[in-house]
Amino acid sequence: EDQVTQSPEALRLQEGESSSLNCSYTVSGLRGLFWYRQDPGKGPEFLFTLYSAGEEKEKERLKATLTKKESFLHITAPKPEDSATYLCAVQAGTGNQFYFGTGTSLTVIP
Amino acid sequence: DTGVSQDPRHKITKRGQNVTFRCDPISEHNRLYWYRQTLGQGPEFLTYFQNEAQLEKSRLLSDRFSAERPKGSFSTLEIQRTEQGDSAMYLCASSEIPTGETQYFGPGTRLLVL
């Protein structure tokens with residue numbers, strides 16, 4: 001069965017303290033891996049799409065990387081406004097649905 | 001383009017009542033998806049449309065749930081005889097083929113069944 005696991009479940013960082021979030025997956029025929037940010041009570045906001053191992057995408061303080069079994073979301077010098085839940089999703093095989101992990105809740109303390 | 005919109009944003013209903021939610025996708029997007037999200041969990045797939053055709057349905061979508069996209073534009077999700085377990089955030093997303101698989105989400109409809 002296709003699975004997506006995110007770790008840690010929750011992460012507290014001091015402002016400026018860089019860290020990484022992990023998304024590991026076991027799927028057949030990965031077609032894409034997607035990162036979203038979700039604020040409380042709102043819908044997920046698209047961040048990155050990664051299609052193949054070795055690919056990297058960057059946006060402001062965030063950088064996403066992909067290997068054959070996992071993806072990392074690196075956060076460099078985070079600010080309090082980066083506090084949110086970060087969701088990882090995969091699309092695999094012939095289906096079009098996304099399989100989501102349960103997310104990492106990030107809190108950045110001033 | 002204003003993105004994906006959903007209406008209403010919040011709905012409180014009593015057990016046993018029927019509810020209907022609407023989703024308006026990004027205008028040129030031909031795929032539309034419905035997901036359900038409960039507290040502390042990631043979104044779970046319910047169903048998706050390509051234009052007006054409903055192509056996939058999750059086993060989560062019991063016979064009390066029905067979705068339509070009559071003209072390939074907006075979509076509705078109806079829940080009949082609501083149960084307390086239906087309380088969740090209902091999310092709509094859209095994507096454009098063939099240019100990409102990325103799904104863009106709306107703000108969601110939060111349903112509370114009393």
# chains A, B, ... in the order shown; residues from 1 in each chain; ligands from 1
>>> residues_around(residues="Ala93 of chain B", least_positions_apart="2", cutoff="9 Å", atoms="only C-alpha atoms", output="ChimeraX atom specification")
/B:4,23,25-26,31-35,91,95,103-106
>>> write_last_selection(atoms="all heavy atoms", output="short mmCIF file (atom, residue, chain, number, x, y, z; two decimals), in the first residue's frame")
data_model
loop_
_atom_site.label_atom_id
_atom_site.label_comp_id
_atom_site.auth_asym_id
_atom_site.auth_seq_id
_atom_site.Cartn_x
_atom_site.Cartn_y
_atom_site.Cartn_z
N VAL B 4 -8.95 29.09 -6.54
CA VAL B 4 -10.08 28.21 -6.26
C VAL B 4 -10.93 28.82 -5.15
O VAL B 4 -10.37 29.26 -4.12
CB VAL B 4 -9.60 26.81 -5.84
CG1 VAL B 4 -10.77 25.91 -5.52
CG2 VAL B 4 -8.72 26.20 -6.93
N CYS B 23 -17.78 24.38 -5.22
CA CYS B 23 -16.40 24.71 -5.52
C CYS B 23 -16.32 25.31 -6.93
O CYS B 23 -16.84 24.74 -7.88
CB CYS B 23 -15.53 23.45 -5.46
SG CYS B 23 -13.84 23.70 -6.08
N PRO B 25 -13.41 26.15 -9.55
CA PRO B 25 -11.97 25.98 -9.77
C PRO B 25 -11.37 27.18 -10.49
O PRO B 25 -12.08 28.10 -10.91
CB PRO B 25 -11.93 24.74 -10.66
CG PRO B 25 -13.20 24.84 -11.47
CD PRO B 25 -14.22 25.42 -10.52
N ILE B 26 -10.06 27.16 -10.62
CA ILE B 26 -9.38 28.14 -11.47
C ILE B 26 -9.90 27.96 -12.90
O ILE B 26 -10.07 26.81 -13.36
CB ILE B 26 -7.85 27.94 -11.39
CG1 ILE B 26 -7.39 28.26 -9.97
CG2 ILE B 26 -7.12 28.79 -12.42
CD1 ILE B 26 -5.95 27.90 -9.68
N ARG B 31 -9.32 19.68 -14.40
CA ARG B 31 -9.48 18.66 -13.36
C ARG B 31 -9.88 19.31 -12.04
O ARG B 31 -9.34 20.36 -11.67
CB ARG B 31 -8.18 17.88 -13.18
CG ARG B 31 -7.97 16.85 -14.28
CD ARG B 31 -6.84 15.91 -13.97
NE ARG B 31 -6.71 14.93 -15.03
CZ ARG B 31 -5.60 14.27 -15.30
NH1 ARG B 31 -4.51 14.50 -14.59
NH2 ARG B 31 -5.57 13.40 -16.27
N LEU B 32 -10.78 18.68 -11.34
CA LEU B 32 -11.28 19.18 -10.06
C LEU B 32 -11.34 18.01 -9.08
O LEU B 32 -11.82 16.93 -9.43
CB LEU B 32 -12.66 19.81 -10.24
CG LEU B 32 -13.28 20.51 -9.04
CD1 LEU B 32 -14.15 21.67 -9.50
CD2 LEU B 32 -14.05 19.58 -8.14
N TYR B 33 -10.85 18.25 -7.87
CA TYR B 33 -10.72 17.21 -6.86
C TYR B 33 -11.45 17.64 -5.59
O TYR B 33 -11.46 18.81 -5.23
CB TYR B 33 -9.25 16.98 -6.49
CG TYR B 33 -8.34 16.69 -7.66
CD1 TYR B 33 -7.90 17.72 -8.49
CD2 TYR B 33 -7.90 15.40 -7.92
CE1 TYR B 33 -7.04 17.46 -9.55
CE2 TYR B 33 -7.04 15.14 -8.98
CZ TYR B 33 -6.63 16.18 -9.79
OH TYR B 33 -5.78 15.92 -10.85
N TRP B 34 -11.99 16.65 -4.86
CA TRP B 34 -12.50 16.87 -3.52
C TRP B 34 -11.70 16.02 -2.54
O TRP B 34 -11.44 14.84 -2.80
CB TRP B 34 -13.98 16.48 -3.42
CG TRP B 34 -14.92 17.45 -4.08
CD1 TRP B 34 -15.49 17.35 -5.31
CD2 TRP B 34 -15.43 18.66 -3.51
NE1 TRP B 34 -16.30 18.42 -5.55
CE2 TRP B 34 -16.30 19.23 -4.46
CE3 TRP B 34 -15.25 19.32 -2.29
CZ2 TRP B 34 -16.98 20.43 -4.23
CZ3 TRP B 34 -15.92 20.50 -2.05
CH2 TRP B 34 -16.77 21.04 -3.02
N TYR B 35 -11.34 16.66 -1.41
CA TYR B 35 -10.64 15.98 -0.33
C TYR B 35 -11.36 16.29 0.98
O TYR B 35 -12.06 17.29 1.11
CB TYR B 35 -9.20 16.48 -0.20
CG TYR B 35 -8.26 16.08 -1.32
CD1 TYR B 35 -8.23 16.79 -2.50
CD2 TYR B 35 -7.40 15.00 -1.16
CE1 TYR B 35 -7.36 16.42 -3.53
CE2 TYR B 35 -6.52 14.63 -2.17
CZ TYR B 35 -6.51 15.34 -3.35
OH TYR B 35 -5.64 14.98 -4.35
N LEU B 91 -12.14 20.09 1.26
CA LEU B 91 -11.25 20.88 0.41
C LEU B 91 -11.48 20.54 -1.05
O LEU B 91 -11.66 19.38 -1.41
CB LEU B 91 -9.79 20.59 0.76
CG LEU B 91 -9.32 21.06 2.13
CD1 LEU B 91 -8.02 20.36 2.51
CD2 LEU B 91 -9.12 22.57 2.15
N SER B 95 -6.56 21.37 -11.13
CA SER B 95 -5.29 21.32 -11.86
C SER B 95 -5.58 21.39 -13.35
O SER B 95 -6.71 21.17 -13.80
CB SER B 95 -4.50 20.04 -11.52
OG SER B 95 -5.16 18.89 -12.02
N GLN B 103 -1.79 20.49 -7.95
CA GLN B 103 -3.16 20.79 -7.56
C GLN B 103 -3.15 22.05 -6.68
O GLN B 103 -2.36 22.15 -5.74
CB GLN B 103 -3.77 19.61 -6.80
CG GLN B 103 -3.91 18.39 -7.69
CD GLN B 103 -4.49 17.20 -6.96
OE1 GLN B 103 -5.12 17.34 -5.91
NE2 GLN B 103 -4.30 16.01 -7.51
N TYR B 104 -4.05 22.96 -6.99
CA TYR B 104 -4.19 24.20 -6.24
C TYR B 104 -5.48 24.13 -5.44
O TYR B 104 -6.54 23.84 -5.99
CB TYR B 104 -4.19 25.40 -7.19
CG TYR B 104 -2.88 25.55 -7.92
CD1 TYR B 104 -2.69 24.91 -9.14
CD2 TYR B 104 -1.84 26.27 -7.38
CE1 TYR B 104 -1.48 25.01 -9.82
CE2 TYR B 104 -0.62 26.39 -8.05
CZ TYR B 104 -0.45 25.75 -9.26
OH TYR B 104 0.76 25.84 -9.91
N PHE B 105 -5.35 24.39 -4.14
CA PHE B 105 -6.46 24.19 -3.23
C PHE B 105 -7.22 25.47 -2.93
O PHE B 105 -6.66 26.56 -2.93
CB PHE B 105 -5.95 23.61 -1.90
CG PHE B 105 -5.63 22.14 -1.98
CD1 PHE B 105 -4.42 21.71 -2.51
CD2 PHE B 105 -6.54 21.19 -1.55
CE1 PHE B 105 -4.13 20.35 -2.60
CE2 PHE B 105 -6.26 19.84 -1.62
CZ PHE B 105 -5.06 19.42 -2.16
N GLY B 106 -8.52 25.29 -2.66
CA GLY B 106 -9.33 26.38 -2.16
C GLY B 106 -9.21 26.50 -0.66
O GLY B 106 -8.48 25.72 -0.02
#
>>> residues_around(residues="Thr65 of chain A", least_positions_apart="5", cutoff="7 Å", atoms="only C-alpha atoms", output="PyMOL selection string")
chain A and resi 54-57+71-73
>>> write_last_selection(atoms="C-alpha atoms", output="PDB file, in the first residue's frame")
ATOM      1  CA  GLY A  54      18.257  14.694  -7.491  1.00  0.00           C
ATOM      2  CA  GLU A  55      15.884  17.529  -8.258  1.00  0.00           C
ATOM      3  CA  GLU A  56      15.941  20.626  -6.033  1.00  0.00           C
ATOM      4  CA  LYS A  57      13.652  23.634  -5.852  1.00  0.00           C
ATOM      5  CA  SER A  71      12.212  14.387   0.319  1.00  0.00           C
ATOM      6  CA  PHE A  72      13.501  17.086   2.600  1.00  0.00           C
ATOM      7  CA  LEU A  73      12.231  20.591   3.111  1.00  0.00           C
TER       8      LEU A  73
END
>>> closest_residue(among="A:Pro110, A:Gly29, A:Gly103, A:Gly43", to="Lys79 of chain A", atoms="only C-alpha atoms")
A:Pro110
>>> closest_atom_pairs(of="chain B", to="chain A", cutoff="12 Å", atoms="only C-alpha atoms", output="JSON lines")
{"residue": "B:Gly3", "atom": "CA", "partner": "A:Glu45", "partner_atom": "CA", "distance": 10.9}
{"residue": "B:Val4", "atom": "CA", "partner": "A:Gly43", "partner_atom": "CA", "distance": 9.9}
{"residue": "B:Ser5", "atom": "CA", "partner": "A:Gly43", "partner_atom": "CA", "distance": 10.3}
{"residue": "B:Gln6", "atom": "CA", "partner": "A:Gly43", "partner_atom": "CA", "distance": 10.3}
{"residue": "B:Arg9", "atom": "CA", "partner": "A:Lys42", "partner_atom": "CA", "distance": 9.7}
{"residue": "B:His10", "atom": "CA", "partner": "A:Gly41", "partner_atom": "CA", "distance": 10.3}
{"residue": "B:Arg31", "atom": "CA", "partner": "A:Asn96", "partner_atom": "CA", "distance": 9.5}
{"residue": "B:Leu32", "atom": "CA", "partner": "A:Gln97", "partner_atom": "CA", "distance": 10.4}
{"residue": "B:Tyr33", "atom": "CA", "partner": "A:Gln97", "partner_atom": "CA", "distance": 8.0}
{"residue": "B:Trp34", "atom": "CA", "partner": "A:Gln97", "partner_atom": "CA", "distance": 9.6}
{"residue": "B:Tyr35", "atom": "CA", "partner": "A:Phe98", "partner_atom": "CA", "distance": 9.4}
{"residue": "B:Arg36", "atom": "CA", "partner": "A:Gly43", "partner_atom": "CA", "distance": 11.0}
{"residue": "B:Gln37", "atom": "CA", "partner": "A:Gly43", "partner_atom": "CA", "distance": 9.8}
{"residue": "B:Thr38", "atom": "CA", "partner": "A:Thr102", "partner_atom": "CA", "distance": 10.2}
{"residue": "B:Leu39", "atom": "CA", "partner": "A:Thr102", "partner_atom": "CA", "distance": 9.8}
{"residue": "B:Gly40", "atom": "CA", "partner": "A:Thr102", "partner_atom": "CA", "distance": 6.7}
{"residue": "B:Gln41", "atom": "CA", "partner": "A:Thr102", "partner_atom": "CA", "distance": 4.7}
{"residue": "B:Gly42", "atom": "CA", "partner": "A:Thr102", "partner_atom": "CA", "distance": 4.4}
{"residue": "B:Pro43", "atom": "CA", "partner": "A:Phe100", "partner_atom": "CA", "distance": 6.2}
{"residue": "B:Glu44", "atom": "CA", "partner": "A:Phe100", "partner_atom": "CA", "distance": 7.1}
{"residue": "B:Phe45", "atom": "CA", "partner": "A:Gln97", "partner_atom": "CA", "distance": 6.4}
{"residue": "B:Leu46", "atom": "CA", "partner": "A:Gln97", "partner_atom": "CA", "distance": 8.7}
{"residue": "B:Thr47", "atom": "CA", "partner": "A:Gln97", "partner_atom": "CA", "distance": 8.1}
{"residue": "B:Tyr48", "atom": "CA", "partner": "A:Gln97", "partner_atom": "CA", "distance": 7.7}
{"residue": "B:Phe49", "atom": "CA", "partner": "A:Asn96", "partner_atom": "CA", "distance": 10.1}
{"residue": "B:Gln50", "atom": "CA", "partner": "A:Asn96", "partner_atom": "CA", "distance": 10.2}
{"residue": "B:Leu55", "atom": "CA", "partner": "A:Asn96", "partner_atom": "CA", "distance": 9.4}
{"residue": "B:Glu56", "atom": "CA", "partner": "A:Gly95", "partner_atom": "CA", "distance": 8.3}
{"residue": "B:Lys57", "atom": "CA", "partner": "A:Gln97", "partner_atom": "CA", "distance": 9.7}
{"residue": "B:Ser58", "atom": "CA", "partner": "A:Gln97", "partner_atom": "CA", "distance": 9.4}
{"residue": "B:Ala88", "atom": "CA", "partner": "A:Gly41", "partner_atom": "CA", "distance": 11.0}
{"residue": "B:Met89", "atom": "CA", "partner": "A:Gly41", "partner_atom": "CA", "distance": 8.4}
{"residue": "B:Tyr90", "atom": "CA", "partner": "A:Gly43", "partner_atom": "CA", "distance": 9.3}
{"residue": "B:Leu91", "atom": "CA", "partner": "A:Gly43", "partner_atom": "CA", "distance": 6.9}
{"residue": "B:Cys92", "atom": "CA", "partner": "A:Gly43", "partner_atom": "CA", "distance": 8.7}
{"residue": "B:Ala93", "atom": "CA", "partner": "A:Gly43", "partner_atom": "CA", "distance": 9.2}
{"residue": "B:Ser94", "atom": "CA", "partner": "A:Gln97", "partner_atom": "CA", "distance": 11.2}
{"residue": "B:Ser95", "atom": "CA", "partner": "A:Asn96", "partner_atom": "CA", "distance": 10.3}
{"residue": "B:Glu96", "atom": "CA", "partner": "A:Asn96", "partner_atom": "CA", "distance": 12.0}
{"residue": "B:Ile97", "atom": "CA", "partner": "A:Asn96", "partner_atom": "CA", "distance": 11.2}
{"residue": "B:Gly100", "atom": "CA", "partner": "A:Thr49", "partner_atom": "CA", "distance": 9.7}
{"residue": "B:Glu101", "atom": "CA", "partner": "A:Gly32", "partner_atom": "CA", "distance": 7.8}
{"residue": "B:Thr102", "atom": "CA", "partner": "A:Thr49", "partner_atom": "CA", "distance": 7.0}
{"residue": "B:Gln103", "atom": "CA", "partner": "A:Phe46", "partner_atom": "CA", "distance": 7.8}
{"residue": "B:Tyr104", "atom": "CA", "partner": "A:Phe46", "partner_atom": "CA", "distance": 6.5}
{"residue": "B:Phe105", "atom": "CA", "partner": "A:Gly43", "partner_atom": "CA", "distance": 5.9}
{"residue": "B:Gly106", "atom": "CA", "partner": "A:Gly43", "partner_atom": "CA", "distance": 5.6}
{"residue": "B:Pro107", "atom": "CA", "partner": "A:Gly43", "partner_atom": "CA", "distance": 4.3}
{"residue": "B:Gly108", "atom": "CA", "partner": "A:Gly43", "partner_atom": "CA", "distance": 5.6}
{"residue": "B:Thr109", "atom": "CA", "partner": "A:Lys42", "partner_atom": "CA", "distance": 9.2}
{"residue": "B:Arg110", "atom": "CA", "partner": "A:Gly41", "partner_atom": "CA", "distance": 8.2}
{"residue": "B:Leu111", "atom": "CA", "partner": "A:Gly41", "partner_atom": "CA", "distance": 11.7}
>>> write_last_selection(atoms="N, CA and C atoms", output="short mmCIF file (atom, residue, chain, number, x, y, z; two decimals), in the first residue's frame")
data_model
loop_
_atom_site.label_atom_id
_atom_site.label_comp_id
_atom_site.auth_asym_id
_atom_site.auth_seq_id
_atom_site.Cartn_x
_atom_site.Cartn_y
_atom_site.Cartn_z
N GLY B 3 -8.07 32.28 -8.07
CA GLY B 3 -7.81 30.99 -7.45
C GLY B 3 -9.08 30.19 -7.26
N VAL B 4 -8.95 29.09 -6.54
CA VAL B 4 -10.08 28.21 -6.26
C VAL B 4 -10.93 28.82 -5.15
N SER B 5 -12.23 28.87 -5.35
CA SER B 5 -13.11 29.39 -4.30
C SER B 5 -14.10 28.33 -3.87
N GLN B 6 -14.50 28.40 -2.60
CA GLN B 6 -15.44 27.44 -2.04
C GLN B 6 -16.50 28.18 -1.24
N ARG B 9 -17.93 28.88 3.62
CA ARG B 9 -16.68 28.62 4.32
C ARG B 9 -16.92 27.80 5.59
N HIS B 10 -18.09 28.00 6.18
CA HIS B 10 -18.43 27.27 7.40
C HIS B 10 -19.88 26.83 7.30
N ARG B 31 -9.32 19.68 -14.40
CA ARG B 31 -9.48 18.66 -13.36
C ARG B 31 -9.88 19.31 -12.04
N LEU B 32 -10.78 18.68 -11.34
CA LEU B 32 -11.28 19.18 -10.06
C LEU B 32 -11.34 18.01 -9.08
N TYR B 33 -10.85 18.25 -7.87
CA TYR B 33 -10.72 17.21 -6.86
C TYR B 33 -11.45 17.64 -5.59
N TRP B 34 -11.99 16.65 -4.86
CA TRP B 34 -12.50 16.87 -3.52
C TRP B 34 -11.70 16.02 -2.54
N TYR B 35 -11.34 16.66 -1.41
CA TYR B 35 -10.64 15.98 -0.33
C TYR B 35 -11.36 16.29 0.98
N ARG B 36 -11.13 15.44 1.97
CA ARG B 36 -11.64 15.68 3.31
C ARG B 36 -10.45 15.66 4.27
N GLN B 37 -10.46 16.63 5.20
CA GLN B 37 -9.37 16.71 6.16
C GLN B 37 -9.92 16.83 7.56
N THR B 38 -9.50 15.93 8.45
CA THR B 38 -9.86 16.03 9.86
C THR B 38 -8.65 16.54 10.64
N LEU B 39 -8.92 16.97 11.86
CA LEU B 39 -7.91 17.65 12.66
C LEU B 39 -6.66 16.78 12.85
N GLY B 40 -5.50 17.35 12.54
CA GLY B 40 -4.25 16.64 12.74
C GLY B 40 -3.89 15.65 11.66
N GLN B 41 -4.72 15.59 10.62
CA GLN B 41 -4.46 14.66 9.53
C GLN B 41 -4.23 15.41 8.23
N GLY B 42 -3.61 14.73 7.27
CA GLY B 42 -3.51 15.30 5.93
C GLY B 42 -4.82 15.10 5.18
N PRO B 43 -5.01 15.85 4.11
CA PRO B 43 -6.23 15.67 3.31
C PRO B 43 -6.32 14.25 2.74
N GLU B 44 -7.55 13.73 2.69
CA GLU B 44 -7.81 12.40 2.12
C GLU B 44 -8.67 12.56 0.87
N PHE B 45 -8.27 11.89 -0.17
CA PHE B 45 -8.95 11.99 -1.45
C PHE B 45 -10.36 11.43 -1.37
N LEU B 46 -11.32 12.15 -1.99
CA LEU B 46 -12.69 11.66 -2.09
C LEU B 46 -13.05 11.30 -3.53
N THR B 47 -12.86 12.26 -4.44
CA THR B 47 -13.25 12.02 -5.83
C THR B 47 -12.62 13.08 -6.72
N TYR B 48 -12.58 12.78 -8.05
CA TYR B 48 -12.11 13.80 -8.96
C TYR B 48 -12.82 13.74 -10.30
N PHE B 49 -12.87 14.90 -10.95
CA PHE B 49 -13.51 15.07 -12.25
C PHE B 49 -12.49 15.54 -13.27
N GLN B 50 -12.64 15.04 -14.46
CA GLN B 50 -11.95 15.64 -15.60
C GLN B 50 -13.06 16.18 -16.49
N LEU B 55 -14.17 10.59 -12.67
CA LEU B 55 -13.30 9.49 -13.09
C LEU B 55 -12.82 8.60 -11.97
N GLU B 56 -12.79 9.10 -10.76
CA GLU B 56 -12.31 8.29 -9.64
C GLU B 56 -13.11 8.62 -8.40
N LYS B 57 -13.41 7.58 -7.61
CA LYS B 57 -14.08 7.77 -6.33
C LYS B 57 -13.39 6.91 -5.29
N SER B 58 -13.13 7.50 -4.13
CA SER B 58 -12.52 6.77 -3.03
C SER B 58 -13.57 5.90 -2.34
N ALA B 88 -15.69 17.78 9.41
CA ALA B 88 -14.35 17.84 8.85
C ALA B 88 -14.24 19.10 8.00
N MET B 89 -13.04 19.33 7.47
CA MET B 89 -12.85 20.38 6.47
C MET B 89 -12.93 19.69 5.10
N TYR B 90 -13.76 20.23 4.22
CA TYR B 90 -13.88 19.69 2.87
C TYR B 90 -13.14 20.64 1.92
N LEU B 91 -12.14 20.09 1.26
CA LEU B 91 -11.25 20.88 0.41
C LEU B 91 -11.48 20.54 -1.05
N CYS B 92 -11.43 21.55 -1.87
CA CYS B 92 -11.51 21.40 -3.31
C CYS B 92 -10.18 21.84 -3.91
N ALA B 93 -9.75 21.17 -4.94
CA ALA B 93 -8.51 21.54 -5.63
C ALA B 93 -8.74 21.42 -7.13
N SER B 94 -7.93 22.14 -7.89
CA SER B 94 -8.03 22.00 -9.34
C SER B 94 -6.64 21.97 -9.95
N SER B 95 -6.56 21.37 -11.13
CA SER B 95 -5.29 21.32 -11.86
C SER B 95 -5.58 21.39 -13.35
N GLU B 96 -4.55 21.70 -14.09
CA GLU B 96 -4.70 21.90 -15.53
C GLU B 96 -3.88 20.84 -16.27
N ILE B 97 -4.52 20.09 -17.14
CA ILE B 97 -3.77 19.18 -18.01
C ILE B 97 -3.69 19.81 -19.39
N GLY B 100 0.45 20.45 -16.29
CA GLY B 100 1.04 20.13 -14.99
C GLY B 100 0.12 19.34 -14.10
N GLU B 101 0.72 18.67 -13.11
CA GLU B 101 -0.06 17.86 -12.19
C GLU B 101 -0.34 18.60 -10.90
N THR B 102 0.27 19.75 -10.69
CA THR B 102 0.13 20.44 -9.41
C THR B 102 -1.32 20.80 -9.16
N GLN B 103 -1.79 20.49 -7.95
CA GLN B 103 -3.16 20.79 -7.56
C GLN B 103 -3.15 22.05 -6.68
N TYR B 104 -4.05 22.96 -6.99
CA TYR B 104 -4.19 24.20 -6.24
C TYR B 104 -5.48 24.13 -5.44
N PHE B 105 -5.35 24.39 -4.14
CA PHE B 105 -6.46 24.19 -3.23
C PHE B 105 -7.22 25.47 -2.93
N GLY B 106 -8.52 25.29 -2.66
CA GLY B 106 -9.33 26.38 -2.16
C GLY B 106 -9.21 26.50 -0.66
N PRO B 107 -9.96 27.44 -0.07
CA PRO B 107 -9.87 27.67 1.38
C PRO B 107 -10.58 26.64 2.23
N GLY B 108 -11.42 25.82 1.60
CA GLY B 108 -12.11 24.78 2.34
C GLY B 108 -13.46 25.21 2.89
N THR B 109 -14.30 24.22 3.14
CA THR B 109 -15.56 24.40 3.85
C THR B 109 -15.48 23.58 5.13
N ARG B 110 -15.61 24.24 6.26
CA ARG B 110 -15.56 23.51 7.54
C ARG B 110 -16.98 23.14 7.93
N LEU B 111 -17.22 21.84 8.07
CA LEU B 111 -18.53 21.31 8.43
C LEU B 111 -18.53 20.81 9.86
#
>>> closest_residue(among="A:Ala84, A:Ile75, A:Ala64, A:Leu106", to="Cys23 of chain A", atoms="only C-alpha atoms")
A:Ala64
>>> select_by_dssp(residues="chain A", states="strand (DSSP E)", output="PyMOL selection string")
chain A and resi 3-7+10-14+19-26+30-38+45-50+56-59+62-66+70-75+84-92+99-100+104-109
>>> write_last_selection(atoms="C-alpha atoms", output="short mmCIF file (atom, residue, chain, number, x, y, z; two decimals), in the first residue's frame")
data_model
loop_
_atom_site.label_atom_id
_atom_site.label_comp_id
_atom_site.auth_asym_id
_atom_site.auth_seq_id
_atom_site.Cartn_x
_atom_site.Cartn_y
_atom_site.Cartn_z
CA GLN A 3 2.41 5.36 2.19
CA VAL A 4 3.69 8.82 3.01
CA THR A 5 5.29 9.51 6.40
CA GLN A 6 6.37 12.90 7.66
CA SER A 7 8.71 13.61 10.54
CA ALA A 10 6.05 18.96 15.48
CA LEU A 11 9.11 21.18 15.48
CA ARG A 12 9.89 24.28 17.52
CA LEU A 13 12.73 26.48 16.32
CA GLN A 14 14.23 29.72 17.48
CA SER A 19 16.41 22.78 10.22
CA SER A 20 14.91 20.17 7.89
CA LEU A 21 11.57 18.41 7.60
CA ASN A 22 11.40 14.89 6.24
CA CYS A 23 8.89 13.15 3.97
CA SER A 24 9.51 9.48 3.26
CA TYR A 25 7.37 7.56 0.80
CA THR A 26 6.76 4.02 -0.38
CA LEU A 30 6.23 8.07 -8.38
CA ARG A 31 4.98 10.77 -10.74
CA GLY A 32 5.50 13.75 -8.50
CA LEU A 33 6.12 14.87 -4.93
CA PHE A 34 4.48 18.06 -3.72
CA TRP A 35 5.05 20.32 -0.72
CA TYR A 36 2.32 22.53 0.68
CA ARG A 37 2.08 24.96 3.56
CA GLN A 38 -1.16 25.08 5.55
CA GLU A 45 -0.88 26.59 -0.24
CA PHE A 46 1.35 25.17 -2.96
CA LEU A 47 5.10 25.44 -2.47
CA PHE A 48 7.03 23.00 -4.69
CA THR A 49 6.72 20.13 -7.14
CA LEU A 50 9.57 17.64 -7.56
CA GLU A 56 15.94 20.63 -6.03
CA LYS A 57 13.65 23.63 -5.85
CA GLU A 58 14.18 26.81 -3.85
CA LYS A 59 11.99 29.71 -2.77
CA LEU A 62 12.79 27.13 1.72
CA LYS A 63 14.57 24.48 -0.32
CA ALA A 64 13.08 21.12 -1.29
CA THR A 65 15.13 18.11 -2.35
CA LEU A 66 14.16 14.65 -3.57
CA GLU A 70 12.40 10.64 0.62
CA SER A 71 12.21 14.39 0.32
CA PHE A 72 13.50 17.09 2.60
CA LEU A 73 12.23 20.59 3.11
CA HIS A 74 15.11 22.68 4.38
CA ILE A 75 14.29 25.90 6.18
CA ALA A 84 2.57 26.64 9.79
CA THR A 85 1.93 22.98 9.06
CA TYR A 86 3.95 21.68 6.12
CA LEU A 87 2.32 18.89 4.14
CA CYS A 88 3.94 16.49 1.72
CA ALA A 89 1.94 14.66 -0.96
CA VAL A 90 2.80 12.15 -3.66
CA GLN A 91 1.14 11.22 -6.91
CA ALA A 92 1.89 7.73 -8.13
CA TYR A 99 -1.59 10.81 -1.03
CA PHE A 100 -0.79 13.16 1.82
CA THR A 104 4.86 18.69 10.34
CA SER A 105 3.69 21.51 12.57
CA LEU A 106 6.43 24.14 12.63
CA THR A 107 6.59 26.87 15.27
CA VAL A 108 9.25 29.56 14.99
CA ILE A 109 9.80 31.49 18.20
#
>>> closest_residue(among="B:Ser62, B:Gln54, B:Ser75, B:Thr2", to="Asp24 of chain B", atoms="only C-alpha atoms")
B:Ser75
>>> closest_residue(among="A:Pro40, A:Ser28, A:Gly93, A:Ser83", to="Lys69 of chain A", atoms="only C-alpha atoms")
A:Ser28
>>> closest_residue(among="B:Asn30, B:Pro8, B:Arg64, B:Pro70", to="Asp86 of chain B", atoms="only C-alpha atoms")
B:Arg64
>>> closest_residue(among="B:Ser27, B:Asp63, B:Asp7, B:Thr13", to="Ser87 of chain B", atoms="only C-alpha atoms")
B:Thr13
>>> atom_distance(atom1="atom CA of Phe21 of chain B", atom2="atom CA of Asp39 of chain A")
21.5 Å
>>> decode(residues="segment 87-93 of chain A", atoms="N, CA, C and O atoms", output="PDB file, in the first residue's frame")
ATOM      1  N   LEU A  87       2.843  20.167   4.625  1.00  0.00           N
ATOM      2  CA  LEU A  87       2.316  18.890   4.143  1.00  0.00           C
ATOM      3  C   LEU A  87       3.088  18.419   2.919  1.00  0.00           C
ATOM      4  O   LEU A  87       3.438  19.219   2.046  1.00  0.00           O
ATOM      5  N   CYS A  88       3.304  17.126   2.867  1.00  0.00           N
ATOM      6  CA  CYS A  88       3.935  16.493   1.722  1.00  0.00           C
ATOM      7  C   CYS A  88       2.895  15.586   1.073  1.00  0.00           C
ATOM      8  O   CYS A  88       2.094  14.951   1.774  1.00  0.00           O
ATOM      9  N   ALA A  89       2.873  15.534  -0.245  1.00  0.00           N
ATOM     10  CA  ALA A  89       1.938  14.664  -0.960  1.00  0.00           C
ATOM     11  C   ALA A  89       2.657  14.022  -2.133  1.00  0.00           C
ATOM     12  O   ALA A  89       3.572  14.609  -2.710  1.00  0.00           O
ATOM     13  N   VAL A  90       2.236  12.811  -2.486  1.00  0.00           N
ATOM     14  CA  VAL A  90       2.799  12.145  -3.660  1.00  0.00           C
ATOM     15  C   VAL A  90       1.677  11.761  -4.610  1.00  0.00           C
ATOM     16  O   VAL A  90       0.541  11.533  -4.214  1.00  0.00           O
ATOM     17  N   GLN A  91       2.037  11.712  -5.868  1.00  0.00           N
ATOM     18  CA  GLN A  91       1.144  11.223  -6.913  1.00  0.00           C
ATOM     19  C   GLN A  91       1.878  10.058  -7.570  1.00  0.00           C
ATOM     20  O   GLN A  91       3.055  10.189  -7.929  1.00  0.00           O
ATOM     21  N   ALA A  92       1.184   8.927  -7.698  1.00  0.00           N
ATOM     22  CA  ALA A  92       1.895   7.728  -8.125  1.00  0.00           C
ATOM     23  C   ALA A  92       1.043   6.869  -9.034  1.00  0.00           C
ATOM     24  O   ALA A  92      -0.193   6.971  -9.040  1.00  0.00           O
ATOM     25  N   GLY A  93       1.698   6.000  -9.783  1.00  0.00           N
ATOM     26  CA  GLY A  93       1.010   5.047 -10.638  1.00  0.00           C
ATOM     27  C   GLY A  93       0.162   5.735 -11.689  1.00  0.00           C
ATOM     28  O   GLY A  93       0.518   6.789 -12.214  1.00  0.00           O
TER      29      GLY A  93
END
